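The data block below is protein.txt; it holds compact mmCIF, C-alpha atoms.
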# COMPACT_ATOMS: atom_id res chain seq x y z
CA MET A 1 -11.59 -10.22 -74.80
CA ILE A 2 -14.91 -9.05 -73.33
CA ILE A 3 -14.33 -6.64 -70.43
CA ASN A 4 -16.39 -4.24 -68.35
CA LYS A 5 -16.06 -0.48 -68.46
CA ASN A 6 -13.85 -0.38 -65.34
CA ASP A 7 -11.37 -3.03 -66.44
CA LYS A 8 -7.70 -2.03 -66.12
CA LYS A 9 -7.07 -3.27 -69.68
CA LEU A 10 -8.81 -0.15 -70.95
CA ASP A 11 -6.01 1.98 -69.47
CA ASP A 12 -3.42 -0.34 -70.99
CA ILE A 13 -5.04 0.07 -74.41
CA LYS A 14 -4.99 3.87 -74.14
CA ASN A 15 -1.35 3.91 -73.05
CA ARG A 16 0.01 1.29 -75.48
CA GLY A 17 1.69 3.94 -77.63
CA ALA A 18 3.71 5.40 -74.76
CA ALA A 19 6.84 3.73 -76.15
CA MET A 20 10.38 4.11 -74.85
CA GLU A 21 11.24 7.15 -76.93
CA GLY A 22 14.63 7.75 -75.35
CA ASP A 23 16.79 5.33 -77.35
CA TYR A 24 14.96 6.03 -80.60
CA LEU A 25 15.19 9.77 -80.06
CA HIS A 26 18.94 9.56 -79.39
CA THR A 27 19.58 7.51 -82.54
CA ALA A 28 17.43 9.80 -84.68
CA SER A 29 19.26 12.82 -83.29
CA GLU A 30 22.64 11.36 -84.25
CA ILE A 31 21.43 10.63 -87.78
CA ILE A 32 20.00 14.13 -88.19
CA SER A 33 23.19 15.75 -86.93
CA ASN A 34 25.30 13.69 -89.34
CA VAL A 35 23.13 14.50 -92.38
CA ARG A 36 22.98 18.18 -91.42
CA LYS A 37 26.77 18.30 -91.18
CA ASN A 38 27.79 16.01 -94.04
CA GLY A 39 24.87 16.21 -96.46
CA ASP A 40 24.87 13.69 -99.29
CA LYS A 41 27.83 11.78 -97.89
CA ALA A 42 25.93 10.82 -94.73
CA LEU A 43 22.68 10.28 -96.63
CA PHE A 44 24.34 7.86 -99.05
CA GLU A 45 26.10 5.96 -96.27
CA TYR A 46 22.86 5.43 -94.32
CA THR A 47 21.04 4.31 -97.47
CA LYS A 48 23.73 1.70 -98.14
CA LYS A 49 23.58 0.53 -94.52
CA PHE A 50 19.82 0.34 -94.06
CA ASP A 51 18.45 -0.24 -97.58
CA ASN A 52 21.33 -2.17 -99.18
CA PHE A 53 21.47 0.33 -102.03
CA ASP A 54 24.54 2.08 -103.44
CA ILE A 55 23.05 5.51 -103.98
CA ASN A 56 24.75 8.53 -105.53
CA LYS A 57 23.82 11.93 -106.95
CA ASP A 58 23.07 10.36 -110.34
CA ASN A 59 20.62 7.68 -109.20
CA ILE A 60 19.06 9.20 -106.07
CA LYS A 61 16.04 10.47 -108.02
CA VAL A 62 13.51 8.25 -109.74
CA SER A 63 13.81 8.62 -113.51
CA ARG A 64 11.00 8.96 -116.03
CA GLN A 65 11.91 5.53 -117.36
CA GLU A 66 11.40 4.06 -113.89
CA ILE A 67 7.98 5.74 -113.70
CA GLU A 68 6.97 4.21 -117.04
CA GLU A 69 8.18 0.81 -115.87
CA ALA A 70 6.13 1.24 -112.70
CA TYR A 71 2.97 1.71 -114.77
CA ASP A 72 3.83 -1.42 -116.76
CA ASN A 73 4.32 -3.39 -113.54
CA THR A 74 1.08 -2.24 -111.90
CA ASP A 75 -2.25 -3.90 -112.59
CA GLU A 76 -4.39 -1.75 -114.90
CA LYS A 77 -7.45 -2.14 -112.66
CA LEU A 78 -5.43 -0.81 -109.71
CA ILE A 79 -4.28 2.18 -111.77
CA GLU A 80 -7.90 2.99 -112.61
CA SER A 81 -8.90 2.65 -108.94
CA ILE A 82 -6.06 4.97 -107.88
CA LYS A 83 -7.21 7.56 -110.45
CA LYS A 84 -10.79 7.42 -109.14
CA ALA A 85 -9.58 7.76 -105.55
CA HIS A 86 -7.36 10.67 -106.66
CA ASP A 87 -10.40 12.51 -108.02
CA ASN A 88 -12.49 11.86 -104.88
CA ILE A 89 -9.73 12.96 -102.50
CA LEU A 90 -8.82 16.07 -104.51
CA ALA A 91 -12.48 17.14 -104.79
CA PHE A 92 -12.96 16.82 -101.02
CA HIS A 93 -9.81 18.77 -100.19
CA LYS A 94 -10.63 21.59 -102.61
CA LEU A 95 -13.67 22.25 -100.42
CA GLN A 96 -11.31 23.00 -97.52
CA MET A 97 -9.80 26.02 -99.28
CA GLU A 98 -9.52 29.16 -97.17
CA LYS A 99 -9.81 32.73 -98.46
CA THR A 100 -8.07 36.02 -97.84
CA TRP A 101 -10.48 38.45 -96.14
CA LEU A 102 -10.65 42.08 -94.97
CA TYR A 103 -13.13 44.11 -92.98
CA GLU A 104 -13.35 47.86 -92.30
CA THR A 105 -13.83 49.35 -88.84
CA LYS A 106 -15.97 52.44 -88.17
CA HIS A 107 -12.84 54.63 -88.16
CA GLY A 108 -11.65 53.34 -91.55
CA ALA A 109 -9.04 50.79 -90.48
CA LEU A 110 -8.75 47.67 -92.60
CA LEU A 111 -8.07 44.43 -90.75
CA GLY A 112 -7.87 40.96 -92.17
CA GLN A 113 -6.00 37.82 -93.02
CA LYS A 114 -3.98 36.82 -96.07
CA ILE A 115 -3.89 33.13 -97.04
CA THR A 116 -0.73 31.94 -98.81
CA PRO A 117 0.16 28.36 -99.77
CA LEU A 118 3.49 27.01 -98.58
CA ASP A 119 6.24 27.15 -101.18
CA SER A 120 7.23 23.50 -100.74
CA ALA A 121 6.23 20.25 -99.07
CA GLY A 122 7.94 16.89 -98.69
CA ILE A 123 6.04 13.63 -98.41
CA TYR A 124 7.40 10.59 -96.62
CA VAL A 125 6.05 7.27 -97.93
CA PRO A 126 6.99 4.04 -96.10
CA GLY A 127 8.71 1.30 -98.06
CA GLY A 128 9.79 -1.27 -95.53
CA LYS A 129 7.27 -3.76 -94.09
CA ALA A 130 4.55 -2.17 -96.16
CA ALA A 131 4.46 0.23 -99.09
CA TYR A 132 1.22 2.20 -99.22
CA PHE A 133 0.27 4.00 -102.42
CA SER A 134 -2.69 5.39 -100.46
CA SER A 135 -0.18 7.37 -98.35
CA VAL A 136 0.92 9.16 -101.50
CA LEU A 137 -2.62 10.23 -102.35
CA MET A 138 -3.53 11.34 -98.83
CA ASN A 139 -0.37 13.39 -98.28
CA ALA A 140 0.08 14.89 -101.72
CA LEU A 141 -3.45 15.91 -102.65
CA PRO A 142 -4.13 18.36 -99.78
CA ALA A 143 -0.93 20.13 -100.82
CA VAL A 144 -2.03 20.09 -104.46
CA ALA A 145 -5.43 21.52 -103.49
CA ALA A 146 -3.76 24.25 -101.44
CA GLY A 147 -1.62 25.32 -104.39
CA VAL A 148 1.81 24.22 -103.13
CA LYS A 149 4.03 24.49 -106.20
CA ASP A 150 6.94 22.28 -105.17
CA ILE A 151 5.93 18.85 -103.83
CA SER A 152 8.60 16.18 -103.51
CA MET A 153 8.66 12.67 -102.06
CA VAL A 154 11.05 10.32 -100.30
CA SER A 155 10.60 6.57 -99.95
CA PRO A 156 13.03 3.81 -99.01
CA ALA A 157 14.26 1.96 -102.10
CA VAL A 158 15.17 -1.42 -100.66
CA ASN A 159 17.75 -2.90 -103.02
CA GLY A 160 17.20 0.13 -105.23
CA LYS A 161 13.50 -0.40 -105.91
CA ILE A 162 10.41 1.56 -104.83
CA ASN A 163 7.02 -0.14 -105.00
CA SER A 164 5.54 0.28 -108.50
CA ALA A 165 2.06 1.31 -107.30
CA VAL A 166 3.64 3.95 -105.07
CA LEU A 167 5.52 5.42 -108.04
CA ALA A 168 2.41 5.34 -110.24
CA ALA A 169 0.36 7.11 -107.54
CA ALA A 170 3.06 9.76 -107.19
CA ASP A 171 3.00 10.40 -110.92
CA ILE A 172 -0.80 10.59 -110.96
CA CYS A 173 -0.55 13.23 -108.21
CA GLY A 174 1.97 15.20 -110.28
CA ILE A 175 5.01 14.72 -108.03
CA LYS A 176 8.16 15.36 -110.07
CA ASP A 177 10.99 14.85 -107.56
CA ILE A 178 11.02 11.40 -105.97
CA TYR A 179 14.10 10.48 -103.94
CA LYS A 180 15.15 6.90 -103.20
CA VAL A 181 15.88 7.47 -99.52
CA GLY A 182 14.04 6.73 -96.31
CA GLY A 183 14.34 6.64 -92.54
CA ALA A 184 15.41 9.45 -90.21
CA GLN A 185 18.08 10.37 -92.76
CA ALA A 186 15.43 11.24 -95.35
CA VAL A 187 13.60 13.44 -92.82
CA ALA A 188 16.89 15.22 -92.08
CA ALA A 189 17.55 15.73 -95.80
CA PHE A 190 14.11 17.31 -96.26
CA ALA A 191 14.54 19.50 -93.17
CA TYR A 192 18.03 20.85 -93.89
CA GLY A 193 18.60 20.07 -97.56
CA THR A 194 21.63 18.29 -99.03
CA GLU A 195 23.50 18.62 -102.31
CA SER A 196 20.91 16.34 -103.94
CA VAL A 197 17.73 16.80 -101.88
CA LYS A 198 15.88 20.10 -101.75
CA LYS A 199 14.93 21.54 -98.36
CA VAL A 200 11.16 21.76 -97.82
CA ASP A 201 8.89 23.89 -95.65
CA LYS A 202 6.75 21.01 -94.36
CA ILE A 203 7.17 17.25 -93.97
CA THR A 204 4.16 14.94 -93.84
CA GLY A 205 3.60 11.21 -93.92
CA PRO A 206 3.90 8.12 -91.73
CA GLY A 207 7.00 6.06 -90.98
CA ASN A 208 8.59 3.88 -88.35
CA ILE A 209 9.55 5.04 -84.85
CA TYR A 210 12.85 6.52 -86.09
CA VAL A 211 10.99 8.56 -88.71
CA ALA A 212 8.51 9.74 -86.07
CA MET A 213 11.31 10.79 -83.71
CA ALA A 214 13.18 12.53 -86.55
CA LYS A 215 10.06 14.54 -87.43
CA LYS A 216 9.72 15.50 -83.79
CA LEU A 217 13.32 16.72 -83.71
CA VAL A 218 13.21 18.82 -86.91
CA PHE A 219 9.94 20.54 -86.03
CA GLY A 220 10.72 24.24 -85.90
CA VAL A 221 13.31 23.98 -88.65
CA CYS A 222 10.35 23.09 -90.83
CA ASP A 223 6.74 22.20 -90.09
CA ILE A 224 5.41 18.65 -89.77
CA ASP A 225 1.95 17.14 -89.86
CA MET A 226 1.88 15.21 -86.56
CA ILE A 227 3.66 12.48 -84.60
CA ALA A 228 1.70 9.39 -85.56
CA GLY A 229 1.40 6.54 -83.08
CA PRO A 230 -0.04 3.03 -83.50
CA SER A 231 -3.29 2.93 -85.44
CA GLU A 232 -6.65 2.43 -83.72
CA ILE A 233 -10.37 1.99 -84.22
CA LEU A 234 -13.30 2.24 -81.82
CA ILE A 235 -16.69 0.86 -82.82
CA ILE A 236 -19.91 1.69 -81.01
CA ALA A 237 -22.20 -1.22 -81.90
CA GLY A 238 -25.94 -1.10 -81.26
CA ASP A 239 -28.35 -4.01 -80.84
CA ASN A 240 -28.87 -4.46 -84.57
CA ALA A 241 -25.18 -4.42 -85.53
CA GLU A 242 -24.04 -7.36 -87.65
CA PRO A 243 -21.34 -9.27 -85.69
CA LYS A 244 -19.59 -10.37 -88.88
CA TYR A 245 -19.13 -6.75 -90.01
CA VAL A 246 -17.94 -5.55 -86.61
CA ALA A 247 -15.39 -8.36 -86.36
CA ALA A 248 -14.16 -7.68 -89.89
CA ASP A 249 -13.67 -3.99 -89.10
CA MET A 250 -11.77 -4.80 -85.92
CA LEU A 251 -9.42 -7.17 -87.73
CA ALA A 252 -8.95 -4.69 -90.58
CA GLN A 253 -7.33 -2.43 -88.01
CA CYS A 254 -5.39 -5.14 -86.20
CA GLU A 255 -3.62 -6.41 -89.32
CA HIS A 256 -1.71 -3.10 -89.53
CA ASP A 257 0.60 -3.62 -86.61
CA GLU A 258 1.07 -5.61 -83.40
CA LEU A 259 0.52 -2.33 -81.49
CA ALA A 260 -2.71 -1.49 -83.32
CA SER A 261 -5.89 -1.41 -81.25
CA ALA A 262 -9.50 -2.33 -81.99
CA VAL A 263 -12.13 -1.57 -79.36
CA THR A 264 -15.84 -2.26 -79.66
CA ILE A 265 -18.32 -0.87 -77.13
CA VAL A 266 -21.70 -2.59 -76.74
CA TRP A 267 -24.55 -2.71 -74.21
CA ASN A 268 -25.81 -6.12 -75.36
CA LYS A 269 -23.92 -9.09 -73.86
CA LYS A 270 -25.21 -11.55 -76.46
CA LEU A 271 -23.94 -9.28 -79.23
CA ALA A 272 -20.57 -9.01 -77.48
CA GLU A 273 -20.27 -12.80 -77.39
CA GLU A 274 -21.23 -13.11 -81.07
CA ILE A 275 -18.63 -10.48 -82.07
CA GLU A 276 -15.96 -12.27 -80.03
CA LYS A 277 -16.82 -15.55 -81.74
CA GLU A 278 -16.63 -13.92 -85.18
CA VAL A 279 -13.26 -12.30 -84.43
CA LYS A 280 -11.78 -15.70 -83.55
CA LYS A 281 -13.30 -17.28 -86.65
CA GLN A 282 -12.13 -14.59 -89.08
CA LEU A 283 -8.69 -14.34 -87.48
CA GLU A 284 -7.92 -17.93 -88.48
CA ILE A 285 -8.20 -17.15 -92.20
CA LEU A 286 -6.53 -13.72 -92.15
CA PRO A 287 -3.23 -13.67 -94.12
CA LYS A 288 -1.69 -11.39 -91.47
CA LYS A 289 -2.98 -13.58 -88.66
CA ASN A 290 0.26 -13.46 -86.65
CA ILE A 291 0.25 -9.64 -86.53
CA ALA A 292 -3.50 -9.31 -85.88
CA LYS A 293 -3.44 -11.98 -83.15
CA VAL A 294 -0.98 -9.96 -81.03
CA SER A 295 -3.04 -6.80 -81.53
CA ILE A 296 -6.27 -8.57 -80.58
CA GLU A 297 -4.85 -10.25 -77.48
CA LYS A 298 -2.83 -7.35 -76.10
CA HIS A 299 -4.42 -4.11 -77.27
CA SER A 300 -8.04 -4.80 -78.17
CA ALA A 301 -11.28 -5.46 -76.31
CA ILE A 302 -15.07 -5.60 -76.41
CA ILE A 303 -16.35 -3.35 -73.62
CA LEU A 304 -19.74 -3.88 -71.99
CA VAL A 305 -21.54 -0.70 -70.89
CA ASP A 306 -25.09 0.18 -69.86
CA ASN A 307 -26.24 2.35 -72.77
CA LEU A 308 -25.31 4.50 -75.77
CA ASP A 309 -24.57 7.61 -73.74
CA GLU A 310 -22.06 5.71 -71.62
CA ALA A 311 -20.49 4.29 -74.79
CA CYS A 312 -20.07 7.80 -76.21
CA GLU A 313 -18.55 9.04 -72.95
CA ILE A 314 -15.88 6.32 -73.06
CA ALA A 315 -15.29 6.95 -76.77
CA ASN A 316 -14.74 10.67 -76.15
CA ASN A 317 -12.33 9.86 -73.35
CA ILE A 318 -10.31 7.57 -75.63
CA ALA A 319 -10.53 10.04 -78.58
CA PRO A 320 -9.80 7.36 -81.21
CA GLU A 321 -8.21 7.81 -84.60
CA HIS A 322 -11.17 6.08 -86.29
CA LEU A 323 -14.66 5.83 -84.79
CA GLU A 324 -17.46 3.76 -86.33
CA LEU A 325 -20.94 4.68 -85.15
CA TYR A 326 -22.67 1.41 -85.97
CA ILE A 327 -26.08 2.08 -84.45
CA ASP A 328 -29.64 2.71 -85.59
CA ASP A 329 -30.29 6.26 -86.86
CA ALA A 330 -26.56 6.92 -86.57
CA LEU A 331 -26.62 10.35 -88.27
CA SER A 332 -28.81 11.78 -85.52
CA HIS A 333 -26.23 10.84 -82.87
CA ILE A 334 -23.10 12.38 -84.42
CA GLY A 335 -23.36 15.30 -82.01
CA LYS A 336 -22.54 12.99 -79.10
CA ILE A 337 -19.06 12.39 -80.51
CA ARG A 338 -16.70 15.23 -79.62
CA HIS A 339 -13.31 13.59 -80.07
CA ALA A 340 -12.40 11.37 -83.04
CA GLY A 341 -10.09 11.72 -86.01
CA ALA A 342 -12.73 10.44 -88.43
CA ILE A 343 -16.32 9.37 -87.79
CA PHE A 344 -17.78 6.59 -89.94
CA VAL A 345 -21.55 6.73 -89.76
CA GLY A 346 -23.82 3.70 -90.14
CA SER A 347 -23.42 0.06 -91.13
CA ASN A 348 -22.27 0.76 -94.70
CA SER A 349 -19.41 3.12 -93.81
CA PRO A 350 -16.46 0.88 -92.89
CA GLU A 351 -13.10 2.44 -92.15
CA ALA A 352 -11.60 0.91 -95.30
CA ALA A 353 -13.77 3.24 -97.42
CA GLY A 354 -12.11 6.21 -95.76
CA ASP A 355 -8.65 4.68 -95.90
CA TYR A 356 -8.67 4.54 -99.68
CA PHE A 357 -11.49 6.10 -101.57
CA ALA A 358 -14.17 8.28 -99.96
CA GLY A 359 -12.25 11.58 -100.02
CA PRO A 360 -11.52 12.71 -96.44
CA ASN A 361 -7.94 12.24 -95.34
CA HIS A 362 -6.72 9.07 -93.66
CA VAL A 363 -3.79 10.84 -91.95
CA LEU A 364 -5.44 11.18 -88.54
CA PRO A 365 -4.49 11.99 -84.94
CA THR A 366 -3.73 8.95 -82.75
CA GLY A 367 -3.14 8.18 -79.09
CA GLY A 368 -5.91 10.45 -77.80
CA SER A 369 -4.59 13.48 -79.68
CA ALA A 370 -7.93 13.77 -81.52
CA LYS A 371 -8.90 15.86 -78.49
CA PHE A 372 -6.76 18.68 -79.90
CA PHE A 373 -5.56 17.67 -83.40
CA SER A 374 -7.41 17.41 -86.71
CA PRO A 375 -7.00 15.22 -89.80
CA LEU A 376 -4.40 16.31 -92.35
CA GLY A 377 -6.07 18.74 -94.70
CA THR A 378 -5.65 21.51 -97.23
CA TYR A 379 -5.53 23.99 -94.34
CA ASP A 380 -2.24 22.39 -93.22
CA PHE A 381 -0.51 23.69 -96.34
CA PHE A 382 -1.46 27.36 -95.87
CA LYS A 383 0.17 30.16 -93.94
CA ARG A 384 -1.96 32.93 -92.50
CA SER A 385 -0.63 36.50 -92.38
CA SER A 386 -2.47 39.20 -90.48
CA ILE A 387 -3.26 42.45 -92.34
CA ILE A 388 -3.44 45.76 -90.43
CA TYR A 389 -4.08 49.06 -92.20
CA TYR A 390 -4.71 52.18 -90.09
CA ASN A 391 -5.41 55.59 -91.59
CA LYS A 392 -4.91 58.82 -89.62
CA ALA A 393 -8.39 58.76 -88.13
CA SER A 394 -8.26 55.14 -86.96
CA LEU A 395 -4.81 55.60 -85.41
CA GLN A 396 -6.00 58.75 -83.62
CA ALA A 397 -9.09 56.91 -82.33
CA GLY A 398 -7.03 54.20 -80.65
CA SER A 399 -3.95 56.22 -79.71
CA ASP A 400 -4.82 56.99 -76.07
CA ASP A 401 -5.51 53.33 -75.32
CA ILE A 402 -2.34 52.12 -77.07
CA ILE A 403 -0.18 54.69 -75.25
CA THR A 404 -1.77 53.83 -71.89
CA MET A 405 -1.11 50.11 -72.36
CA ALA A 406 2.44 50.58 -73.65
CA GLU A 407 3.41 52.88 -70.77
CA ASN A 408 1.83 50.48 -68.29
CA GLU A 409 4.22 47.77 -69.56
CA ASN A 410 7.15 50.23 -69.31
CA LEU A 411 7.68 50.21 -73.06
CA GLN A 412 8.06 53.93 -73.69
CA GLY A 413 9.43 53.37 -77.20
CA HIS A 414 6.16 51.73 -78.15
CA ALA A 415 4.22 54.66 -76.71
CA ASN A 416 6.44 57.19 -78.50
CA SER A 417 5.88 55.52 -81.87
CA ILE A 418 2.19 56.44 -81.43
CA LYS A 419 2.74 59.88 -79.81
CA PHE A 420 4.97 61.14 -82.63
CA ARG A 421 2.25 60.36 -85.15
CA VAL A 422 -0.76 61.87 -83.34

As structure tokens, the full file:
Amino acid sequence: MIINKNDKKLDDIKNRGAAMEGDYLHTASEIISNVRKNGDKALFEYTKKFDNFDINKDNIKVSRQEIEEAYDNTDEKLIESIKKAHDNILAFHKLQMEKTWLYETKHGALLGQKITPLDSAGIYVPGGKAAYFSSVLMNALPAVAAGVKDISMVSPAVNGKINSAVLAAADICGIKDIYKVGGAQAVAAFAYGTESVKKVDKITGPGNIYVAMAKKLVFGVCDIDMIAGPSEILIIAGDNAEPKYVAADMLAQCEHDELASAVTIVWNKKLAEEIEKEVKKQLEILPKKNIAKVSIEKHSAIILVDNLDEACEIANNIAPEHLELYIDDALSHIGKIRHAGAIFVGSNSPEAAGDYFAGPNHVLPTGGSAKFFSPLGTYDFFKRSSIIYYNKASLQAGSDDIITMAENENLQGHANSIKFRV
């Protein structure tokens, strides 16, 4: 598990998400085409096939009675925790609000930008191997903060049931339309609309490989958040890091998925050996040991480097989804991290705090895409429209330059539209 900075396994870890998209993409494309053409009929057939649920226009939406039953079936302490997390997440995302602005040039032109929330958004919440109520909070609340009026949700209802905590979280977030459908067929329904499912302007939320490929295919018909790959964490651990904590944070990531990755970078060989020992010890008592064991053996490592600067260089090259800066005086070193979805600073900031409760979003770029993508946020649910107002004087002031450029591109009609006015 302990490797040096030049080990080939590091490349394997970075490329683990480069899955064979071809077959998945083809299947997702067929499903999308069928739902687009046949609407509810195709949607209902796929739901029967994949979720063993006889769905129809009368039972496709979660009823108020089912919501009330969900509250009854969810532990009261969990409900209270979800409400506290709701408040933290909403407060954080309200701080990301953007504003319409204008400025005036010296010739009296007004230029600016108008910020408008999207009309609608659709949230995908997994319901197969794992049902995550936290996905509801993280996908819905940025849209709520942005002012999106119509937020709906899809989630697979295996045998007709959606996880109770998921339904309670959706209600706490104010989601009114919850559809009992999942998979690529649910993405298609959101993108194109069916007789029972309303078309949306943006689809967000994680899912399996078919959901990811479906989102990729409908992008352009509507917007999406991102194509999420296997989850990952990178921990930079200094000399005083507690091995037990580092190991726990690695395994917290690895229990997600066999393809998940947990990398720790250290410059202290003794610490590396202690972390490795702790990982093996804690793995034995982990309920999801079989999943985490594959992730640890195939896609995780403890990397030995010479110093902190070298650790940060490797971290920036990997551009991880989650990065824990577990070193002394961690706040003063944040500037060394250029590429990470979320940065957890210091020994008391484990990833789990961000996954559930702190406030920043846990929908993060994976597979190195943190080099050019950002976490899901309120800004993802806005449109920006440019504003251009010229009066006579400002048009006159720029007319010669506009005409010169238009004629240079052989667009005389453009030039004439200025000439006729001035």

What are the closest atom pairs, with distances in Å to one decimal, for all residues of segment 180-289 of chain A lying within 12 Å of segment 336-346 of chain A? Consider all atoms listed in the file, order rows by chain and residue number, and present the result as a tab-separated table.
residue	atom	partner	partner_atom	distance
A:Ser231	CA	A:Gly341	CA	11.1
A:Glu232	CA	A:Gly341	CA	10.2
A:Ile233	CA	A:Ala340	CA	9.7
A:Leu234	CA	A:Ala340	CA	9.3
A:Ile235	CA	A:Phe344	CA	9.2
A:Ile236	CA	A:Gly346	CA	10.1
A:Ala237	CA	A:Gly346	CA	9.7
A:Gly238	CA	A:Gly346	CA	10.3
A:Asn240	CA	A:Gly346	CA	11.1
A:Ala241	CA	A:Gly346	CA	9.4
A:Glu242	CA	A:Gly346	CA	11.3
A:Tyr245	CA	A:Gly346	CA	11.5
A:Val246	CA	A:Gly346	CA	11.5
A:Asp249	CA	A:Phe344	CA	11.4

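Ranking A:Gly108, A:Pro287, A:Pro320, A:Gly359 by their shortest atom-to-atom distance to Lys94 of chain A, with only C-alpha atoms included, puts A:Gly359 first.
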
Exercise for the section: Quick one: everything within 9 Å of Ile151 of chain A, counting all atoms listed in the file, minus sequence neighbours fewer than 6 positions away in the same chain. Send it as a ChimeraX atom specification. Expected result: /A:119-123,140,143-144,174-177,200

Practice task
Name all residues at most 10 Å from Leu259 of chain A (count only C-alpha atoms; drop same-chain ones fewer than 3 positions away) and give them as a ChimeraX atom specification.
Solution key: /A:13,16-17,229-232,254-256,291-292,294-296,298-300

Handout entry: For Thr204 of chain A: contacts at 8 Å, only C-alpha atoms, fewer than 2 positions along chain excluded, given as a PyMOL selection string
Key = chain A and resi 121-124+139+202+206+224-226

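The residue that comes closest to Ala169 of chain A, out of A:Ala228, A:Leu376, A:Ala70, A:Ala184 and on the basis of only C-alpha atoms, is A:Ala70.
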
Practice task
Just the residues within 6 Å of Ala319 of chain A, please, counting only C-alpha atoms, with nothing from its chain fewer than 2 positions along; format it as a PyMOL selection string.
Solution key: chain A and resi 315-317+339-340+368+370

Problem - Spatial neighbours of Phe92 of chain A, max dist 9 Å, all atoms listed in the file, sep filter under 5 positions, as JSON, numbers by chain - result: {"A": [87, 358, 359, 360, 361]}

Fill in the blank from the handout: A straight line from atom CA of Thr116 of chain A to atom CA of Val187 of chain A spans 24.2 Å

Completion exercise
Pairwise distance, atom CA of Lys199 of chain A with atom CA of Tyr379 of chain A, equals 21.0 Å

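The spacing separating atom CA of Ala85 of chain A from atom CA of Ile162 of chain A amounts to 20.9 Å.
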
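Between Leu304 of chain A and the residues A:Thr264, A:Gln282, A:Ser155, A:Thr194, the shortest atom-to-atom distance, using all atoms listed in the file, involves A:Thr264.
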
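Closest approach to Phe382 of chain A among A:Asp75, A:Asp223, A:Asp51, A:Glu80 is made by A:Asp223 (distances from only C-alpha atoms).
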
Fill in the blank from the handout: Across A:Lys9, A:Leu308, A:Leu167, A:Ala188, the smallest distance to Gln65 of chain A, with only C-alpha atoms counted, is shown by A:Leu167

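Closest approach to Val166 of chain A among A:Ser196, A:Glu351, A:Asn73, A:Ile203: A:Asn73, based on all atoms listed in the file.
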